[in-house]
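One file, work.txt, carrying compact mmCIF, C-alpha atoms:
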# COMPACT_ATOMS: atom_id res chain seq x y z
CA MET N 308 27.73 -9.46 -23.90
CA ASP N 309 25.52 -10.99 -21.23
CA TRP N 310 23.34 -13.18 -23.47
CA GLU N 311 20.97 -14.22 -20.70
CA ARG N 312 20.28 -10.59 -19.83
CA ARG N 313 19.81 -9.80 -23.51
CA ARG N 314 17.34 -12.69 -23.88
CA ILE N 315 15.27 -11.43 -20.93
CA GLU N 316 15.24 -7.90 -22.34
CA LEU N 317 14.03 -9.18 -25.73
CA GLN N 318 11.28 -11.21 -24.06
CA TRP N 319 10.20 -8.17 -22.08
CA HIS N 320 10.03 -5.96 -25.18
CA ALA N 321 8.18 -8.68 -27.15
CA ALA N 322 5.60 -9.04 -24.37
CA GLY N 323 5.05 -5.28 -24.33
CA PHE N 324 4.62 -5.23 -28.11
CA ARG N 325 1.99 -7.99 -27.95
CA GLN N 326 0.12 -6.12 -25.21
CA GLU N 327 0.11 -2.92 -27.28
CA LEU N 328 -1.28 -4.79 -30.28
CA ARG N 329 -3.97 -6.26 -28.05
CA ALA N 330 -4.85 -2.77 -26.81
CA ARG N 331 -5.52 -1.55 -30.34
CA TRP N 332 -8.29 -4.12 -30.66
CA VAL N 333 -9.79 -4.12 -27.15
CA LEU N 334 -9.80 -0.30 -26.92
CA ARG N 335 -10.81 0.37 -30.51
CA LYS N 336 -14.17 1.93 -29.57
CA VAL N 337 -12.95 4.53 -27.06
CA ASN N 338 -13.34 8.17 -28.13
CA ARG N 339 -9.68 9.02 -27.54
CA LEU N 340 -6.76 6.74 -26.76
CA GLY N 341 -3.29 7.94 -25.81
CA ARG N 342 0.03 6.36 -26.70
CA ARG N 343 1.43 3.03 -25.53
CA ALA N 344 -1.75 1.54 -24.06
CA ARG N 345 -1.33 -2.10 -23.00
CA VAL N 346 -3.95 -4.81 -22.45
CA LEU N 347 -3.38 -8.10 -20.65
CA GLY N 348 -6.08 -10.76 -20.79
CA ASP N 349 -9.60 -9.99 -22.02
CA PRO N 350 -11.09 -6.96 -20.23
CA ARG N 351 -14.35 -5.40 -21.44
CA VAL N 352 -14.21 -1.72 -22.35
CA ASP N 353 -17.53 -0.69 -23.92
CA GLY N 354 -18.46 2.67 -22.39
CA THR N 355 -20.06 5.04 -24.89
CA ASP N 356 -18.00 8.13 -23.93
CA VAL N 357 -14.50 7.06 -22.84
CA GLU N 358 -11.23 8.97 -23.16
CA ILE N 359 -7.93 7.43 -22.03
CA GLY N 360 -4.49 9.02 -21.69
CA ASP N 361 -0.97 7.74 -22.36
CA ASP N 362 0.62 4.58 -20.91
CA PHE N 363 -2.67 3.02 -19.82
CA ILE N 364 -2.56 -0.60 -18.59
CA ILE N 365 -5.62 -2.77 -17.99
CA TRP N 366 -5.45 -6.39 -16.89
CA GLN N 367 -7.89 -9.25 -16.50
CA ALA N 368 -7.25 -12.66 -14.98
CA HIS N 369 -9.58 -14.37 -12.50
CA ARG N 370 -12.49 -11.88 -12.77
CA GLN N 371 -13.95 -9.68 -15.49
CA THR N 372 -12.46 -6.20 -15.67
CA LEU N 373 -15.09 -3.71 -16.88
CA VAL N 374 -15.17 -0.09 -18.04
CA SER N 375 -18.73 0.60 -19.11
CA GLY N 376 -21.86 2.75 -19.04
CA GLY N 377 -23.47 5.59 -20.91
CA GLY N 378 -21.84 8.36 -18.88
CA ARG N 379 -18.55 10.22 -19.38
CA ILE N 380 -15.40 8.36 -18.34
CA ARG N 381 -12.12 10.26 -18.39
CA ILE N 382 -8.91 8.39 -17.54
CA GLY N 383 -5.56 10.20 -17.26
CA ASP N 384 -1.99 9.20 -18.08
CA ARG N 385 -0.16 6.21 -16.54
CA VAL N 386 -3.30 4.66 -15.04
CA PHE N 387 -3.45 0.96 -14.12
CA LEU N 388 -6.66 -1.07 -13.70
CA ASN N 389 -6.12 -4.47 -12.08
CA SER N 390 -8.12 -7.66 -12.61
CA GLY N 391 -11.78 -7.50 -11.63
CA SER N 392 -11.95 -3.71 -11.38
CA VAL N 393 -15.28 -2.17 -12.41
CA VAL N 394 -15.68 1.45 -13.54
CA LEU N 395 -19.37 1.99 -14.30
CA SER N 396 -20.70 5.42 -15.23
CA VAL N 397 -24.14 6.78 -16.00
CA LEU N 398 -23.11 10.42 -15.44
CA GLU N 399 -19.36 11.13 -15.06
CA ILE N 400 -16.28 9.42 -13.61
CA THR N 401 -12.88 11.11 -13.78
CA ILE N 402 -9.66 9.27 -12.92
CA GLY N 403 -6.53 11.44 -12.72
CA ASP N 404 -2.96 10.71 -13.77
CA ASP N 405 -0.86 8.03 -12.04
CA VAL N 406 -3.86 6.29 -10.44
CA ALA N 407 -3.97 2.55 -9.69
CA LEU N 408 -7.10 0.52 -9.00
CA ALA N 409 -6.24 -2.79 -7.34
CA ASN N 410 -8.08 -6.04 -7.99
CA GLU N 411 -11.88 -5.98 -7.74
CA VAL N 412 -12.21 -2.26 -7.00
CA TYR N 413 -15.70 -0.91 -7.73
CA VAL N 414 -16.21 2.70 -8.86
CA MET N 415 -19.74 3.90 -9.62
CA ASP N 416 -21.50 7.25 -10.03
CA SER N 417 -25.02 5.87 -9.51
CA ASN N 418 -26.54 3.69 -6.81
CA SER N 419 -29.10 2.48 -9.38
CA HIS N 420 -31.89 2.04 -6.78
CA GLY N 421 -33.33 4.19 -4.03
CA VAL N 422 -34.16 2.94 -0.54
CA GLU N 423 -37.00 3.85 1.87
CA GLY N 424 -39.02 5.29 -1.01
CA ARG N 425 -36.30 7.80 -1.94
CA PRO N 426 -35.06 8.36 -5.49
CA HIS N 427 -31.77 6.84 -6.57
CA VAL N 428 -28.64 9.02 -6.62
CA ASP N 429 -26.54 9.94 -9.67
CA ALA N 430 -23.51 12.11 -8.85
CA PRO N 431 -20.04 12.54 -10.46
CA VAL N 432 -17.00 10.75 -9.04
CA HIS N 433 -13.46 12.15 -9.18
CA ILE N 434 -10.31 10.24 -8.21
CA GLY N 435 -7.31 12.55 -7.85
CA SER N 436 -3.92 12.00 -9.44
CA GLY N 437 -1.48 9.66 -7.73
CA THR N 438 -4.14 7.80 -5.74
CA TRP N 439 -3.99 4.07 -5.04
CA VAL N 440 -7.30 2.31 -4.37
CA GLY N 441 -6.78 -1.00 -2.57
CA ALA N 442 -8.32 -4.38 -3.34
CA ARG N 443 -12.13 -4.66 -3.16
CA ALA N 444 -12.61 -1.05 -2.12
CA MET N 445 -15.76 0.76 -3.29
CA ILE N 446 -16.05 4.39 -4.36
CA LEU N 447 -19.67 5.56 -4.13
CA PRO N 448 -21.56 8.23 -6.11
CA GLY N 449 -20.69 11.87 -5.48
CA VAL N 450 -17.25 11.22 -3.96
CA THR N 451 -14.18 13.31 -4.75
CA ILE N 452 -10.86 11.77 -3.68
CA GLY N 453 -7.83 14.04 -3.44
CA LYS N 454 -4.32 13.57 -4.78
CA ARG N 455 -1.91 10.85 -3.59
CA VAL N 456 -4.53 9.21 -1.40
CA LEU N 457 -4.21 5.60 -0.25
CA VAL N 458 -7.59 3.87 0.06
CA ALA N 459 -7.13 0.73 2.16
CA ALA N 460 -8.36 -2.64 0.90
CA GLY N 461 -12.03 -3.28 1.54
CA SER N 462 -12.87 0.34 2.29
CA VAL N 463 -16.20 1.92 1.31
CA VAL N 464 -15.67 5.59 0.47
CA THR N 465 -18.91 7.50 1.02
CA LYS N 466 -17.67 11.10 1.28
CA ASP N 467 -14.91 13.38 -0.02
CA VAL N 468 -11.29 12.65 0.91
CA PRO N 469 -8.53 15.33 1.16
CA ASP N 470 -5.06 15.09 -0.43
CA ASP N 471 -2.23 12.94 0.95
CA VAL N 472 -4.06 10.77 3.46
CA LEU N 473 -4.71 7.11 4.22
CA VAL N 474 -8.40 6.21 4.56
CA ALA N 475 -9.83 2.90 5.72
CA GLY N 476 -13.03 1.29 6.96
CA ASN N 477 -16.75 1.19 6.18
CA PRO N 478 -17.51 4.00 5.93
CA ALA N 479 -13.93 5.07 5.17
CA LYS N 480 -12.30 7.53 7.58
CA VAL N 481 -8.96 9.33 7.56
CA ILE N 482 -6.41 7.25 9.49
CA ARG N 483 -3.35 9.46 9.05
CA THR N 484 -1.56 11.93 6.79
CA LEU N 485 0.89 10.50 4.27
CA SER N 486 4.40 11.92 3.84
CA TYR N 487 6.18 11.71 0.48
CA PRO N 488 9.71 12.49 -0.74
CA PRO N 489 10.12 15.60 -2.93
CA ARG N 490 8.57 15.37 -6.40
CA CYS N 491 6.88 12.02 -5.64
CA ARG N 492 3.72 11.88 -7.75
CA ARG N 493 1.83 8.90 -6.42
CA ALA N 494 0.92 6.71 -3.47
CA TRP N 495 1.88 3.46 -5.25
CA HIS N 496 5.25 2.22 -6.52
CA ASP N 497 6.28 -0.18 -9.27
CA ALA N 498 9.19 -0.59 -11.69
CA TRP N 499 8.23 2.64 -13.50
CA CYS N 500 7.88 4.75 -10.37
CA PRO N 501 9.06 8.36 -10.86
CA CYS N 502 9.92 8.78 -7.16
CA PRO N 503 13.55 10.03 -6.92
CA LYS N 504 14.23 7.97 -3.80
CA ILE N 505 13.14 4.77 -5.55
CA GLU N 506 15.11 5.68 -8.67
CA ALA N 507 18.25 6.06 -6.57
CA LEU N 508 17.77 2.60 -5.07
CA GLU N 509 16.85 0.87 -8.32
CA GLY N 510 18.90 2.80 -10.85
CA ASP N 511 20.71 -0.23 -12.29
CA GLY N 512 18.66 -0.21 -15.51
CA SER N 513 17.19 -3.67 -15.01
CA PRO N 514 13.94 -4.32 -16.90
CA PRO N 515 10.76 -4.72 -14.86
CA ALA N 516 9.22 -8.13 -14.24
CA LEU N 517 7.29 -9.49 -17.21
CA ASP N 518 3.54 -8.81 -17.20
CA GLU N 519 3.51 -8.43 -13.44
CA PRO N 520 0.67 -6.14 -12.27
CA ALA N 521 1.27 -3.66 -9.49
Is it possible to give me this structure as structure tokens?
Amino acid sequence: MDWERRRIELQWHAAGFRQELRARWVLRKVNRLGRRARVLGDPRVDGTDVEIGDDFIIWQAHRQTLVSGGGRIRIGDRVFLNSGSVVLSVLEITIGDDVALANEVYVMDSNSHGVEGRPHVDAPVHIGSGTWVGARAMILPGVTIGKRVLVAAGSVVTKDVPDDVLVAGNPAKVIRTLSYPPRCRRAWHDAWCPCPKIEALEGDGSPPALDEPA
């Protein structure tokens, strides 16, 4: 018996258990919550119409992480929200399965104020399954992002994005098409990645790093 390995495994499972207990309190007001949700830190989740799927992880450290608003918010399975992310809905925001929002990402379905005497805009936002939104990117009202999209850090997405592409810039533009191995579900990888190629490389059964956000 490798006692050091066993000790690390026990610590990992204990940390996960504490995070699941924390989730039951922090996410107690959501309309529907899937299995095995985990909360790290003290994020604020107070939207009035929120549904969350299985294996949800939300983390807060240096900045407030917020899921709020009076609109519909629908979050799929295996979604990760990093520290400082803001999901603010007055109409409808849908986040598909296997999506990751990096630190300080801002997703909104309303611009709150008009300019040049025009009315403000409220329009639904949809983020497709498997998409990774990089640090400090912004997703503006009315945008639909396709599946397995990589949104580069600092990008401002102002219009629809097709599947399987990298977008970057302000306003964000398609840089290139992304190529994935067979059955790969998402643009981002971590210790739980379902990608067969990654599983082949990391198939030694080692536990993932403790509380380490993607």
Inset, instruction - Using all atoms listed in the file, find the one residue out of N:Leu398, N:Val456, N:Leu317, N:Ala444 that sits nearest to Arg493 (chain N). - result: N:Val456
Inset, instruction - Grab the CA of Gly435 (chain N) to CA of Asp467 (chain N) distance for me, in Å with one decimal place. - result: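 Separation of CA of Gly435 (chain N) and CA of Asp467 (chain N): 10.9 Å.
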Inset, instruction - Write out as an NGL selection string the residues lying within 7 Å of Leu447 (chain N), counting all atoms listed in the file and excluding same-chain residues fewer than 5 positions away. - result: :N and (414-416 or 464-465)
Inset, instruction - Considering only C-alpha atoms, state which residue in the set N:Ile380, N:Ala442, N:Ile364, N:Ala344 is at the smallest distance from Glu411 (chain N). - result: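 Ranking N:Ile380, N:Ala442, N:Ile364, N:Ala344 by distance to Glu411 (chain N), first place goes to N:Ala442.
Residues in contact with Thr451 (chain N) at up to 10 Å, not including ones fewer than 5 positions away on its chain and judged by all atoms listed in the file, are Ile400, Thr401, Pro431, Val432, His433, Ile434, Gly435, Ile446, Val464, Thr465, Lys466, Asp467, Val468 and Pro469 of chain N.
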Legend entry - Shell around Gln367 (chain N) at 8 Å using all atoms listed in the file, local window under 6 positions removed, as a PyMOL selection string: chain N and resi 347-350+389-391
Inset, instruction - Fewer than 2 positions away in the same chain doesn't count, so skip those; otherwise give me all residues within 6 Å of Gly378 (chain N), counting only C-alpha atoms, as number ranges by chain. - result: N: 376, 396-399
Legend entry - Long-range neighbours of Trp332 (chain N) as a list in words, 12 Å cut-off, only C-alpha atoms, 4 positions minimum in chain: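 My list of contacting residues is Arg325, Gln326, Glu327, Leu328, Lys336, Val337, Leu340, Ala344, Arg345, Val346, Leu347, Asp349, Pro350, Arg351, Val352 and Asp353 of chain N.
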Inset, instruction - Record the distance separating CA of Arg331 (chain N) and CA of Thr372 (chain N), expressed in Å with one decimal. - result: 16.9 Å
Legend entry - Answer as an NGL selection string, residues within 8 Å of (-4.7, 3.8, -25.6) using only C-alpha atoms: :N and (330-331 or 334 or 339-345 or 359-363)
